[in-house]
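Novice: Pasting upload-v2.cif below, which is mmCIF, C-alpha atoms.
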```
data_query
loop_
_atom_site.label_atom_id
_atom_site.label_comp_id
_atom_site.auth_asym_id
_atom_site.auth_seq_id
_atom_site.Cartn_x
_atom_site.Cartn_y
_atom_site.Cartn_z
CA MET L 283 -4.87 -26.64 81.66
CA ILE L 284 -4.52 -27.21 77.94
CA GLN L 285 -3.29 -30.64 77.11
CA LYS L 286 -0.09 -30.93 75.18
CA GLY L 287 -1.73 -32.89 72.37
CA LEU L 288 -4.39 -30.24 71.80
CA PHE L 289 -1.78 -27.52 71.62
CA THR L 290 0.08 -29.46 68.95
CA GLN L 291 -3.06 -29.89 66.91
CA ILE L 292 -3.93 -26.23 67.12
CA GLY L 293 -0.39 -25.43 66.10
CA MET L 294 -0.66 -27.70 63.07
CA ILE L 295 -3.91 -26.06 61.97
CA VAL L 296 -2.44 -22.60 62.34
CA LEU L 297 0.69 -23.65 60.44
CA SER L 298 -1.33 -25.12 57.58
CA ILE L 299 -3.38 -21.94 57.35
CA VAL L 300 -0.20 -19.89 57.29
CA ILE L 301 1.25 -22.11 54.54
CA VAL L 302 -1.89 -21.74 52.46
CA PHE L 303 -2.10 -17.97 52.74
CA THR L 304 1.57 -17.13 52.55
CA TYR L 305 2.72 -19.54 49.88
CA VAL L 306 0.01 -21.55 48.19
CA LYS L 307 -2.33 -18.69 47.41
CA PRO L 308 0.34 -16.26 46.11
CA GLU L 309 1.88 -19.06 44.10
CA PHE L 310 -1.49 -19.72 42.49
CA VAL L 311 -1.70 -16.07 41.52
CA LYS L 312 1.80 -16.18 40.14
CA ILE L 313 0.98 -19.28 38.08
CA GLY L 314 -2.08 -17.51 36.73
CA GLU L 315 0.00 -14.52 35.70
CA MET L 316 2.58 -16.74 34.03
CA GLN L 317 -0.14 -18.52 32.10
CA ASP L 318 -1.50 -15.16 30.95
CA GLU L 319 1.98 -14.26 29.81
CA ILE L 320 2.19 -17.54 27.93
CA SER L 321 -1.06 -16.81 26.11
CA VAL L 322 0.22 -13.33 25.23
CA TYR L 323 3.45 -14.84 23.94
CA ASN L 324 1.44 -17.33 21.90
CA GLU L 325 -0.54 -14.52 20.34
CA GLU L 326 2.59 -12.53 19.53
CA ILE L 327 4.27 -15.58 18.06
CA ARG L 328 1.25 -16.13 15.88
CA LYS L 329 1.36 -12.52 14.69
CA VAL L 330 5.08 -12.58 13.99
CA ASP L 331 4.75 -15.87 12.10
CA SER L 332 1.93 -14.35 10.08
CA VAL L 333 4.04 -11.32 9.21
CA ASN L 334 7.01 -13.51 8.32
CA SER L 335 4.84 -15.67 6.12
CA GLN L 336 3.31 -12.68 4.39
CA LEU L 337 6.71 -11.10 3.87
CA ALA L 338 8.08 -14.31 2.41
CA THR L 339 5.12 -14.50 0.03
CA LEU L 340 5.56 -10.94 -1.11
CA LYS L 341 9.30 -11.35 -1.46
CA SER L 342 8.87 -14.42 -3.65
CA LYS L 343 6.27 -12.56 -5.69
CA MET L 344 8.63 -9.68 -6.13
CA ASP L 345 11.49 -11.99 -7.04
CA SER L 346 9.28 -13.74 -9.57
CA THR L 347 9.00 -10.49 -11.54
CA SER L 348 11.21 -10.84 -14.57
CA GLN L 349 14.39 -8.83 -14.78
CA GLU L 350 13.08 -7.27 -17.99
CA ASN L 351 9.99 -5.95 -16.24
CA LYS L 352 12.06 -4.69 -13.35
CA ARG L 353 14.33 -2.93 -15.77
CA ARG L 354 11.36 -1.36 -17.53
CA LEU L 355 9.88 -0.28 -14.23
CA GLN L 356 13.18 1.28 -13.28
CA ILE L 357 13.20 3.15 -16.57
CA TYR L 358 9.57 4.20 -16.23
CA MET L 359 10.01 5.37 -12.65
CA PRO L 360 13.71 6.04 -12.10
CA ASP L 361 15.31 6.93 -8.81
CA SER L 362 16.55 10.18 -10.20
CA ILE L 363 16.23 12.18 -13.36
CA ASP L 364 19.17 12.94 -15.57
CA GLU L 365 18.07 16.23 -17.06
CA LEU L 366 20.59 16.09 -19.86
CA ASN L 367 19.40 12.67 -20.98
CA VAL L 368 15.78 13.79 -20.88
CA MET L 369 16.55 16.87 -22.94
CA ARG L 370 18.41 14.68 -25.39
CA ASP L 371 15.45 12.30 -25.60
CA ILE L 372 13.03 15.17 -26.15
CA GLY L 373 15.29 16.54 -28.85
CA ILE L 374 15.45 13.12 -30.55
CA ILE L 375 11.66 12.83 -30.44
CA TYR L 376 11.25 16.23 -32.03
CA THR L 377 13.80 15.32 -34.68
CA LEU L 378 12.05 12.06 -35.43
CA ALA L 379 8.77 13.94 -35.71
CA GLY L 380 10.35 16.05 -38.44
CA PHE L 381 10.94 19.27 -36.56
CA LYS L 382 14.14 21.11 -37.10
CA ASN L 383 15.97 23.33 -34.70
CA ALA L 384 14.02 22.27 -31.63
CA ILE L 385 15.18 24.31 -28.64
CA VAL L 386 14.84 22.34 -25.44
CA LYS L 387 15.13 24.16 -22.15
CA TYR L 388 15.31 22.74 -18.68
CA ASP L 389 13.13 24.72 -16.28
CA GLY L 390 14.16 23.00 -13.09
CA PHE L 391 12.07 21.16 -10.53
CA GLY L 392 8.63 22.33 -9.68
CA SER L 393 5.04 21.40 -9.21
CA LYS L 394 3.67 22.89 -12.36
CA SER L 395 0.23 22.09 -13.57
CA GLY L 396 0.06 18.54 -14.58
CA SER L 397 1.25 17.03 -11.37
CA THR L 398 -1.62 14.85 -10.50
CA LYS L 399 -2.90 14.69 -6.97
CA LYS L 400 -1.95 11.07 -6.72
CA SER L 401 1.54 11.59 -8.01
CA SER L 402 2.03 14.96 -6.38
CA GLN L 403 4.66 13.37 -4.20
CA LEU L 404 6.74 12.71 -7.29
CA LYS L 405 9.59 14.98 -8.20
CA ASP L 406 8.69 16.93 -11.32
CA SER L 407 11.37 17.94 -13.73
CA VAL L 408 10.09 20.57 -16.17
CA TYR L 409 11.24 21.24 -19.72
CA SER L 410 10.05 23.58 -22.42
CA VAL L 411 10.44 23.43 -26.18
CA GLU L 412 9.74 25.91 -28.95
CA VAL L 413 9.63 24.88 -32.57
CA GLU L 414 7.96 25.66 -35.84
CA GLY L 415 6.31 23.06 -37.97
CA ASP L 416 3.13 21.83 -39.48
CA TYR L 417 0.17 20.03 -38.03
CA ASP L 418 1.17 16.60 -39.32
CA LYS L 419 4.48 16.83 -37.53
CA LEU L 420 2.63 17.84 -34.37
CA LYS L 421 0.49 14.71 -34.56
CA ILE L 422 3.57 12.57 -35.10
CA LEU L 423 5.15 14.27 -32.10
CA PHE L 424 2.22 13.27 -29.87
CA ASP L 425 2.40 9.69 -31.10
CA LEU L 426 6.13 9.49 -30.49
CA LEU L 427 5.77 10.94 -27.01
CA GLU L 428 3.36 8.13 -26.18
CA MET L 429 5.90 5.57 -27.29
CA ASN L 430 8.60 6.74 -24.94
CA HIS L 431 9.60 4.22 -22.29
CA TYR L 432 9.20 6.73 -19.54
CA PRO L 433 6.48 9.33 -19.31
CA ILE L 434 7.23 12.69 -20.83
CA GLU L 435 4.02 14.41 -20.01
CA MET L 436 2.95 17.46 -21.92
CA ILE L 437 1.43 19.88 -19.48
CA GLU L 438 1.14 22.97 -21.61
CA LEU L 439 0.79 23.42 -25.32
CA ASP L 440 0.42 26.64 -27.23
CA VAL L 441 -0.01 26.35 -30.99
CA THR L 442 -0.28 29.52 -33.01
CA ARG L 443 -0.57 29.77 -36.77
CA SER L 444 1.90 32.13 -38.30
CA GLU L 445 0.32 34.06 -41.17
CA GLU L 446 3.71 34.96 -42.60
CA THR L 447 5.17 31.49 -42.94
CA GLY L 448 2.01 29.46 -42.75
CA LEU L 449 3.68 27.23 -40.22
CA LEU L 450 2.62 26.57 -36.68
CA SER L 451 4.56 28.06 -33.84
CA ILE L 452 4.50 25.40 -31.15
CA ALA L 453 5.50 26.10 -27.56
CA SER L 454 5.16 23.22 -25.15
CA SER L 455 6.09 22.31 -21.60
CA PHE L 456 6.87 18.80 -20.49
CA VAL L 457 7.35 17.19 -17.15
CA THR L 458 9.04 13.96 -16.15
CA HIS L 459 8.87 12.23 -12.82
CA SER L 460 11.19 10.24 -10.64
CA PHE L 461 10.50 7.87 -7.81
CA GLN L 462 10.39 9.52 -4.46
CA LEU L 463 10.57 7.75 -1.14
CA PRO L 464 8.02 9.03 1.34
CA GLU L 465 9.24 10.98 4.33
CA VAL L 466 9.73 8.71 7.31
CA ASN L 467 8.69 10.28 10.58
CA ASN L 468 8.38 7.31 12.90
CA VAL L 469 10.81 4.49 12.58
CA THR L 470 10.12 1.26 14.31
CA LYS L 471 13.16 -0.81 14.97
CA PHE L 472 13.20 -4.30 16.18
CA MET G 229 -7.05 -81.09 104.05
CA ILE G 230 -10.46 -79.60 104.08
CA ASP G 231 -13.20 -81.57 102.38
CA PRO G 232 -14.90 -79.37 99.94
CA SER G 233 -18.14 -81.29 100.27
CA ASN G 234 -18.34 -80.38 103.84
CA ASN G 235 -18.95 -76.73 103.50
CA ASN G 236 -20.68 -75.14 106.36
CA SER G 237 -19.33 -71.59 105.89
CA PHE G 238 -21.96 -68.89 105.47
CA ILE G 239 -19.62 -67.11 103.07
CA PRO G 240 -21.01 -67.66 99.65
CA LYS G 241 -18.85 -69.53 97.33
CA HIS G 242 -17.45 -67.79 94.38
CA GLY G 243 -15.22 -68.97 91.61
CA PRO G 244 -11.77 -67.78 91.26
CA ALA G 245 -11.83 -64.04 91.16
CA LYS G 246 -11.76 -62.69 87.62
CA PHE G 247 -10.90 -59.09 86.83
CA LYS G 248 -13.70 -57.64 84.89
CA ARG G 249 -12.89 -54.81 82.58
CA ALA G 250 -15.21 -51.89 82.54
CA ASN G 251 -16.85 -51.22 79.12
CA VAL G 252 -15.49 -47.78 78.23
CA ALA G 253 -16.92 -46.14 75.03
CA LYS G 254 -14.30 -45.41 72.17
CA GLN G 255 -13.47 -41.67 71.79
CA VAL G 256 -12.92 -40.35 68.20
CA TYR G 257 -10.54 -37.40 68.24
CA VAL G 258 -12.07 -35.54 65.24
CA PHE G 259 -10.11 -32.45 65.93
CA SER G 260 -6.86 -34.40 65.66
CA ILE G 261 -7.88 -35.94 62.37
CA ILE G 262 -8.83 -32.58 60.98
CA SER G 263 -5.60 -31.03 62.11
CA TYR G 264 -3.52 -33.81 60.60
CA ILE G 265 -5.46 -33.65 57.34
CA LEU G 266 -5.04 -29.91 57.11
CA MET G 267 -1.38 -30.11 57.85
CA PHE G 268 -0.58 -32.81 55.33
CA SER G 269 -2.76 -31.32 52.63
CA SER G 270 -1.20 -27.92 53.00
CA LEU G 271 2.26 -29.43 52.80
CA LEU G 272 1.32 -31.53 49.79
CA SER G 273 -0.27 -28.63 47.99
CA ALA G 274 2.72 -26.41 48.69
CA GLY G 275 5.05 -29.02 47.32
CA GLY G 276 2.87 -29.72 44.32
CA ILE G 277 2.50 -26.08 43.47
CA TYR G 278 6.22 -25.53 43.81
CA LEU G 279 6.99 -28.37 41.41
CA TYR G 280 4.27 -27.36 38.94
CA SER G 281 5.36 -23.75 38.93
CA LYS G 282 9.06 -24.40 38.62
CA TYR G 283 9.19 -27.37 36.26
CA PHE G 284 6.18 -26.81 34.08
CA VAL G 285 4.82 -23.29 33.90
CA GLU G 286 8.12 -21.45 34.06
CA LYS G 287 9.65 -23.87 31.61
CA GLN G 288 6.76 -23.38 29.23
CA ARG G 289 7.09 -19.63 29.49
CA ASP G 290 10.82 -19.75 28.84
CA GLU G 291 10.20 -21.90 25.76
CA LYS G 292 7.70 -19.38 24.46
CA VAL G 293 10.17 -16.56 24.99
CA VAL G 294 12.79 -18.43 22.99
CA GLU G 295 10.24 -19.20 20.29
CA LEU G 296 9.22 -15.57 20.01
CA ASP G 297 12.81 -14.44 19.89
CA THR G 298 13.51 -16.94 17.11
CA ALA G 299 10.49 -15.74 15.13
CA ILE G 300 11.61 -12.13 15.50
CA ARG G 301 15.11 -13.03 14.32
CA VAL G 302 13.65 -14.71 11.24
CA PHE G 303 12.07 -11.39 10.23
CA SER G 304 14.32 -9.53 7.84
CA GLU G 305 13.99 -5.79 7.90
CA ALA G 306 16.05 -5.53 4.73
CA ASP G 307 13.59 -7.75 2.86
CA MET G 308 10.68 -5.75 4.15
CA GLN G 309 12.27 -2.49 3.06
CA GLU G 310 12.97 -3.97 -0.36
CA VAL G 311 9.38 -5.10 -0.74
CA LEU G 312 8.03 -1.75 0.46
CA ASP G 313 10.26 0.17 -1.94
CA PHE G 314 9.21 -2.04 -4.82
CA ASP G 315 5.58 -1.63 -3.91
CA ARG G 316 5.87 2.14 -3.64
CA ARG G 317 7.62 2.34 -6.98
CA LEU G 318 4.92 0.19 -8.56
CA GLN G 319 2.21 2.26 -6.93
CA GLN G 320 3.70 5.52 -8.12
CA ALA G 321 4.21 4.10 -11.60
CA SER G 322 0.65 2.82 -11.60
CA ASP G 323 -0.71 6.19 -10.49
CA LYS G 324 1.36 7.92 -13.15
CA PHE G 325 0.18 5.45 -15.76
CA GLU G 326 -3.46 5.97 -14.84
CA SER G 327 -3.12 9.71 -14.98
CA SER G 328 -1.28 9.75 -18.29
CA ILE G 329 -3.18 11.01 -21.28
CA ALA G 330 -3.04 10.44 -25.00
CA LEU G 331 -3.00 13.86 -26.59
CA GLY G 332 -3.00 12.27 -30.00
CA THR G 333 -6.48 10.89 -29.31
CA LEU G 334 -7.69 14.31 -28.25
CA PHE G 335 -6.28 16.02 -31.29
CA LYS G 336 -7.71 13.38 -33.55
CA ALA G 337 -11.17 13.97 -32.08
CA PHE G 338 -10.69 17.73 -32.33
CA GLU G 339 -9.61 17.41 -35.91
CA GLU G 340 -12.56 15.22 -36.83
CA ALA G 341 -14.98 17.58 -35.15
CA THR G 342 -13.64 20.72 -36.86
CA ILE G 343 -15.43 21.57 -40.09
CA GLU G 344 -13.66 22.76 -43.20
CA ALA G 345 -15.06 26.23 -42.97
CA VAL G 346 -13.26 26.80 -39.70
CA GLN G 347 -9.61 27.64 -39.34
CA ILE G 348 -7.80 27.25 -36.06
CA ASP G 349 -5.61 30.27 -35.37
CA ASN G 350 -4.49 29.35 -31.92
CA LEU G 351 -4.84 26.35 -29.67
CA LYS G 352 -3.82 26.09 -26.07
CA VAL G 353 -3.93 22.92 -24.02
CA GLU G 354 -3.23 22.98 -20.35
CA ARG G 355 -3.65 20.53 -17.53
CA ASP G 356 -5.72 22.34 -14.97
CA ASN G 357 -3.82 23.53 -11.91
CA THR G 358 -6.73 23.21 -9.56
CA ASN G 359 -8.20 20.05 -10.96
CA ASP G 360 -5.78 17.45 -12.18
CA GLU G 361 -8.55 15.40 -13.64
CA VAL G 362 -9.32 17.69 -16.57
CA LEU G 363 -7.63 19.20 -19.56
CA ALA G 364 -8.43 22.79 -20.39
CA LEU G 365 -8.44 23.66 -24.07
CA GLU G 366 -8.74 27.10 -25.48
CA ALA G 367 -9.02 27.54 -29.20
CA THR G 368 -9.25 30.64 -31.34
CA LEU G 369 -11.17 29.81 -34.48
CA GLN G 370 -11.73 31.82 -37.60
CA THR G 371 -14.71 31.18 -39.80
CA ASP G 372 -16.50 32.93 -42.63
CA SER G 373 -19.93 33.31 -41.15
CA ILE G 374 -21.77 33.18 -37.90
CA ASP G 375 -23.77 30.28 -39.27
CA SER G 376 -20.58 28.31 -39.68
CA ALA G 377 -19.69 29.16 -36.10
CA ILE G 378 -23.04 27.93 -34.88
CA PHE G 379 -22.76 24.80 -36.98
CA GLN G 380 -19.24 24.19 -35.70
CA ARG G 381 -20.42 24.52 -32.13
CA GLY G 382 -23.10 21.92 -32.84
CA VAL G 383 -20.56 19.53 -34.30
CA TYR G 384 -18.30 19.95 -31.28
CA LYS G 385 -21.17 19.31 -28.93
CA SER G 386 -22.02 16.10 -30.71
CA ASN G 387 -18.47 14.82 -30.23
CA GLU G 388 -17.87 12.82 -27.09
CA LEU G 389 -14.49 14.28 -26.31
CA VAL G 390 -15.00 17.93 -27.13
CA GLY G 391 -18.67 18.09 -26.32
CA SER G 392 -18.12 20.51 -23.47
CA VAL G 393 -17.45 23.40 -25.86
CA VAL G 394 -18.26 26.87 -24.58
CA ILE G 395 -18.07 29.90 -26.83
CA THR G 396 -16.44 32.59 -24.73
CA GLY G 397 -15.80 35.25 -27.30
CA LEU G 398 -16.88 36.43 -30.71
CA ASP G 399 -15.11 39.02 -32.78
CA VAL G 400 -16.92 40.05 -35.92
CA GLU G 401 -14.84 41.96 -38.46
CA GLY G 402 -17.04 43.87 -40.85
CA ALA G 403 -16.51 43.64 -44.62
CA ASP G 404 -14.96 46.50 -46.54
CA GLU G 405 -17.71 48.42 -48.38
CA ASN G 406 -15.57 48.65 -51.46
CA GLN G 407 -15.21 44.92 -51.76
CA SER G 408 -17.66 43.25 -54.01
CA ASP G 409 -17.82 40.03 -52.13
CA ALA G 410 -18.62 40.40 -48.52
CA ASN G 411 -16.15 38.32 -46.61
CA LEU G 412 -17.05 38.42 -42.98
CA SER G 413 -14.41 37.06 -40.66
CA GLN G 414 -15.70 35.69 -37.42
CA VAL G 415 -13.09 35.06 -34.77
CA ILE G 416 -14.44 32.81 -32.10
CA THR G 417 -12.81 31.95 -28.83
CA THR G 418 -13.85 28.58 -27.51
CA GLU G 419 -13.07 26.71 -24.36
CA PHE G 420 -13.27 23.02 -23.75
CA ILE G 421 -12.98 20.98 -20.61
CA VAL G 422 -11.98 17.42 -21.32
CA PRO G 423 -11.82 14.87 -18.51
CA VAL G 424 -8.48 13.16 -18.35
CA SER G 425 -10.27 9.85 -18.08
CA ASP G 426 -11.64 10.35 -21.60
CA VAL G 427 -8.18 10.42 -23.14
CA PRO G 428 -6.42 7.63 -21.28
CA TYR G 429 -2.99 6.51 -22.24
CA MET G 430 -3.35 2.95 -23.46
CA GLY G 431 0.28 2.05 -23.78
CA SER G 432 2.39 1.99 -26.87
CA ARG G 433 0.34 1.21 -29.94
CA LEU G 434 2.85 2.06 -32.58
CA ARG G 435 5.87 0.28 -33.90
CA PHE G 436 8.98 1.63 -35.44
CA VAL G 437 9.48 -0.04 -38.80
CA ASP G 438 12.80 1.55 -39.56
CA GLY G 439 15.83 2.49 -37.58
CA VAL G 440 16.56 5.75 -35.94
CA GLY G 441 18.44 7.02 -39.00
CA ASN G 442 15.38 6.72 -41.19
CA PRO G 443 12.47 7.14 -38.85
CA SER G 444 9.09 6.01 -39.91
CA TYR G 445 6.42 4.12 -38.17
CA SER G 446 3.22 2.32 -38.81
CA THR G 447 -0.01 2.75 -36.98
CA GLU G 448 -1.13 -0.78 -36.79
CA GLU G 449 -4.37 -1.91 -35.29
CA SER G 450 -2.63 -3.96 -32.70
CA THR G 451 -4.31 -6.69 -30.78
CA GLN G 452 -4.44 -6.80 -27.03
CA ALA G 453 -1.58 -9.28 -26.96
CA GLU G 454 0.56 -7.04 -29.10
CA ASP G 455 -0.28 -4.13 -26.86
CA VAL G 456 1.06 -6.10 -23.93
CA GLU G 457 4.23 -6.99 -25.83
CA GLU G 458 4.76 -3.45 -26.96
CA SER G 459 4.00 -1.93 -23.61
CA THR G 460 6.67 -0.83 -21.23
CA GLY G 461 6.06 -4.00 -19.25
CA LEU G 462 3.93 -2.03 -16.93
CA GLU G 463 0.96 -4.32 -17.54
CA ASN G 464 2.54 -7.07 -15.46
CA ALA G 465 3.99 -4.61 -13.02
CA ASN G 466 0.62 -2.94 -12.67
CA ASN G 467 -1.04 -6.26 -11.92
CA THR G 468 1.65 -6.98 -9.38
CA ALA G 469 1.01 -3.57 -7.82
CA LEU G 470 -2.68 -4.32 -7.59
CA ASP G 471 -1.95 -7.72 -6.07
CA ASN G 472 0.46 -6.18 -3.63
CA GLN G 473 -2.13 -3.62 -2.67
CA GLU G 474 -4.49 -6.40 -1.78
CA ASN G 475 -1.94 -8.25 0.24
CA ILE G 476 -0.26 -5.47 2.14
#
```
Could you show the structure in this file as structure tokens?
Specialist:
Amino acid sequence: MIQKGLFTQIGMIVLSIVIVFTYVKPEFVKIGEMQDEISVYNEEIRKVDSVNSQLATLKSKMDSTSQENKRRLQIYMPDSIDELNVMRDIGIIYTLAGFKNAIVKYDGFGSKSGSTKKSSQLKDSVYSVEVEGDYDKLKILFDLLEMNHYPIEMIELDVTRSEETGLLSIASSFVTHSFQLPEVNNVTKF
Amino acid sequence: MIDPSNNNSFIPKHGPAKFKRANVAKQVYVFSIISYILMFSSLLSAGGIYLYSKYFVEKQRDEKVVELDTAIRVFSEADMQEVLDFDRRLQQASDKFESSIALGTLFKAFEEATIEAVQIDNLKVERDNTNDEVLALEATLQTDSIDSAIFQRGVYKSNELVGSVVITGLDVEGADENQSDANLSQVITTEFIVPVSDVPYMGSRLRFVDGVGNPSYSTEESTQAEDVEESTGLENANNTALDNQENI
């Protein structure tokens, strides 16, 4: 016959084992998982702080750029091209170079020769001009084109000497560029 | 009363009876101790783990969640977009600047390398479709003799910019027999390939000295500082682009 006291002791041992395996051990595992989560959170917080810090640095660097330089950059690489203004500018340059009756044509957008590989993502606006003049005026034209505040790039030039007039018949094609945002395929939102 | 000195009984005398306890060995109930220890330790550990989990670990995790959420809220997507747009614009401007050429420099070199005996009838300059890094020049030259043509080719080859000259065609027009002075006309077609990097655009080097109504300009030998002042401001922007490239 089992004594009452022995039964109680066996019961206590069984109960303690049950407590350990049904509560203590799973709770240990749960604490371990939570601590892993905490370390992951710490890592993510560190990354986010790093990004925030870097962004703040870049923002202050961008804000430190003078308004004049920003304005010049905007002129050099505008958001969009006003074809009429560009044709006017080309006409003025030709006039300043000494050419008369410069005919400026707008040939639309396109990727004519001259679009560099690096800037091939830029929008090209193409213009053509035909004039007659002498070689000195042509040199002045090149110099004046270099002085322009935004690039008017000559991509084609055809100079032919006219035996009748002795002047040069100059046909040229120009291209201007505007800033183009890249296509966004994947957008990450927070 | 009985005299104790007169003891004739055969029954031995004993003192008053004393109850002697038997020496029983102490029994240590090890099993009980073990059971009690296990019970109390399991209860203590359960309680301790409950308190540790609820009031420390979970609290710490919740604090980290709040901290991460705060850090994410600090991030400004608008600022990032602004910085990215600025950087892209700078990068595109920088690429455009690097790929820009100074045709004046090329023509100056071409002019210097062309001898007096040669006349340029036609000149074509085109930026190559297939290779954006080169300029293709095609010139139709007229000269009085084949020797002049050969000499001209030598002069071109000795020039750094137009040294890649290739004679692709030669048209020899014979002299009229009736003419007393033989005047041979050699028409030569030449092709040049000039790397874009050899005619880089260096920024504005010229200044207007008069207004628009009376245009004239001077070609000053400007210093580096003047170049920066006269430039479109892209020098600083370009440096910023390069810095941004390093940081982003």
Novice: Give me, please, the distance in Å between atom CA of L:Arg370 and atom CA of L:Val413, quoted to one decimal.
Specialist: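 These atoms are spaced 15.3 Å apart.
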Novice: Nearest residue to L:Asp345 out of G:Ala321, G:Ile348, G:Ala367, G:Glu310, using all atoms listed in the file?
Specialist: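 Checking each candidate against L:Asp345, we get G:Glu310 as the closest.
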Novice: Quick one: everything within 7 Å of stretch 270-275 of chain G, counting only C-alpha atoms, minus sequence neighbours fewer than 5 positions away in the same chain. Send it as a ChimeraX atom specification.
Specialist: /L:298,301-302,305-306
Novice: Any chance you could export the current selection's C-alpha atoms as a PDB file, keeping the file's coordinate frame?
Specialist:
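Printed below is again-v5.pdb as written:
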```pdb
ATOM      1  CA  SER L 298      -1.330 -25.120  57.580  1.00  0.00           C
ATOM      2  CA  ILE L 301       1.250 -22.110  54.540  1.00  0.00           C
ATOM      3  CA  VAL L 302      -1.890 -21.740  52.460  1.00  0.00           C
ATOM      4  CA  TYR L 305       2.720 -19.540  49.880  1.00  0.00           C
ATOM      5  CA  VAL L 306       0.010 -21.550  48.190  1.00  0.00           C
TER       6      VAL L 306
END
```
Novice: Between atom CA of L:Ser362 and atom CA of L:Asp389, what is the distance, to one decimal in Å?
Specialist: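 A separation of 16.1 Å between them.
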Novice: Quick check, in Å to one decimal: how far apart do atom CA of G:Gln414 and atom CA of L:Ser451 lie?
Specialist: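 About the pair atom CA of G:Gln414 and atom CA of L:Ser451: they are 21.9 Å apart.
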